[in-house]
Amino acid sequence: MTARDAGPGERPEPGAARAGPGRRRSGTDPSGHEVPDAAEAAPGHAPAAGEPGAGRAARARAGAVAPRSAWRDVPRHQVRQFATIAMAEAPGLAEEILRDIRREYPHLPLVLDDSGEPMALVGIRRAIEVFVQHLGTAEGRPRVHPEVFQEFGRGEGLHGRSLDSLQAIYRLGVRLAWRRFAEIGQRVDIPPPAMYELVDAGYEYLDGLVDQSVRGYAEAAARQAGERLRLQRRLMEVLLSEHHPRGDLAEGLAERAARVGWPLPGRLAVGVLLRPAREAVAPAVGQSVLLDMEYEQPRMVVPEPDAAGRPELLHRALTGWSGAIGPPVPLADAAKSLRWAEAAVRLMERGLLPGGEVLHCTEHTEALVLLQPEELIDDLALRCLEPLAHCGPTHGRRLAETLLAWLETRGGAPEVAARLGVHPQTVRYRLRQIRELWGDEIDDPDRRFELELVLRAQRLRGVLGDPRARR
């Protein structure tokens, strides 16, 4: 039986009247047969979204020929009769819908409002009443107070659930409401084509309710993210503080770490980053790495830095960034790892360590040890290299490079010459000069150690050439 033949006693099923989730194929009956258009809508009337015929009006505004609206042709006294019955049955229908939802979703939490009434029941009843009231007046767009459905979305977000189950519940509620409306439509002889438009309007109305829930969900997600960042920042402050008793640290950290879902590691490394640009997006280092972007030089705490896959993940996430990651240390020594990372970043900014990437301090130990205590190294250099003070700058540098090559190789003239890329006879000449300048002190192990420290530091600073760079 087609919609043309359907009488008041035959009730169309909502699923058959729809093509795909949430939308009915215009002009078809439940069996898919074509339905002739109903009487034309009143001149100058454009149904609002959620009003029967709104989808047709939208297509007309898009340039299509305006189809007729069967709902607009239903006599007003029938519409008012339909609305009166539906409004009277709204409270009972809301309770029936909630019972079915609770039966289908037994784990759904039941939250009460200030008066002790379930918020879900209040929301369902209000949604039905607003929709039915609109059918009776056909003025503007049906609107339900958004705070109820926004609160539903917030609840899903705050409890870590997705919106999928909530939308499924909404669809179940619309199907149950449609069955009741279809029965009422039969009682007051509403033509089936008009009822098809009614269910279409119901799903458009549902879209608006879903939008409100999505808004509440997004708000809850943003609030949770902000709260987690605040707690995470405080956790990092406590972790990286140098002024705390060891026992208090362990007790306070365990509680704070649990609040952000961060398992306390046995070892960690602390990184300091240099932004590639002022508005750079935070690197996607993952939830297990604590990251604080509020600092001018962002900080991060890497748990178990040597764990399988962790170095590769960080390398990918930090592409385009520069900075340094301190050495792995026990949990209680996190501040020490931070100090080394900060020291490495300072050397990078001075051009004494390579930039353009995130360095690991453990791979640059020599530079960090020799370039850090500048005042001490400079004072030691004045004393140890005093014999070169009367040599010219160029000749003094060559003697210093030859002395360092000899100290590092502990070899004879051929080995030192190969390292420096000069003739062995030149090395012999320089070594005789070095012995004349330092005398017997050059044979003292402690003095040789001091000389090597000073000369290596000068090479790291670029004062001396590096023969390794020429090979």
# chains A, B, ... in the order shown; residues from 1 in each chain; ligands from 1

$ closest_atom_pairs --of "region 231-319 of chain A" --to "region 336-345 of chain A" --cutoff "9 Å" --atoms "only C-alpha atoms" --output "JSON lines"
{"residue": "A:Leu240", "atom": "CA", "partner": "A:Leu338", "partner_atom": "CA", "distance": 7.4}
{"residue": "A:Glu242", "atom": "CA", "partner": "A:Lys336", "partner_atom": "CA", "distance": 8.4}
{"residue": "A:Leu268", "atom": "CA", "partner": "A:Ser337", "partner_atom": "CA", "distance": 8.4}
{"residue": "A:Ala269", "atom": "CA", "partner": "A:Ser337", "partner_atom": "CA", "distance": 6.0}
{"residue": "A:Val270", "atom": "CA", "partner": "A:Leu338", "partner_atom": "CA", "distance": 5.2}
{"residue": "A:Gly271", "atom": "CA", "partner": "A:Ala341", "partner_atom": "CA", "distance": 5.9}
{"residue": "A:Val272", "atom": "CA", "partner": "A:Ala341", "partner_atom": "CA", "distance": 5.9}
{"residue": "A:Leu273", "atom": "CA", "partner": "A:Val345", "partner_atom": "CA", "distance": 8.0}
{"residue": "A:Leu274", "atom": "CA", "partner": "A:Val345", "partner_atom": "CA", "distance": 8.0}
{"residue": "A:Arg299", "atom": "CA", "partner": "A:Leu338", "partner_atom": "CA", "distance": 8.7}

$ residues_around --residues "Asp378 (chain A)" --least-positions-apart "5" --cutoff "10 Å" --atoms "only C-alpha atoms" --output "list in words"
Leu371, Pro373, Arg383, Cys384, Val454, Ala457 and Gln458 of chain A

$ closest_residue --among "A:Pro387, A:Pro354, A:Gly92, A:Gly421" --to "Glu436 (chain A)" --atoms "only C-alpha atoms"
A:Pro387

$ closest_residue --among "A:Val301, A:Leu313, A:Cys391, A:Val174" --to "Val329 (chain A)" --atoms "only C-alpha atoms"
A:Val301

$ closest_residue --among "A:Glu89, A:Glu204, A:Glu366, A:Glu95" --to "Leu121 (chain A)" --atoms "only C-alpha atoms"
A:Glu95

$ closest_residue --among "A:Gly286, A:Gly185, A:Pro303, A:Gly309" --to "Ala86 (chain A)" --atoms "only C-alpha atoms"
A:Gly185

$ atom_distance --atom1 "CA of Glu415 (chain A)" --atom2 "CA of Arg430 (chain A)"
13.9 Å

$ closest_residue --among "A:Glu401, A:Leu110, A:Gly355, A:Val427" --to "Ala413 (chain A)" --atoms "only C-alpha atoms"
A:Val427

$ closest_residue --among "A:Gly411, A:Pro330, A:Gly396, A:Gly123" --to "Val111 (chain A)" --atoms "only C-alpha atoms"
A:Gly123
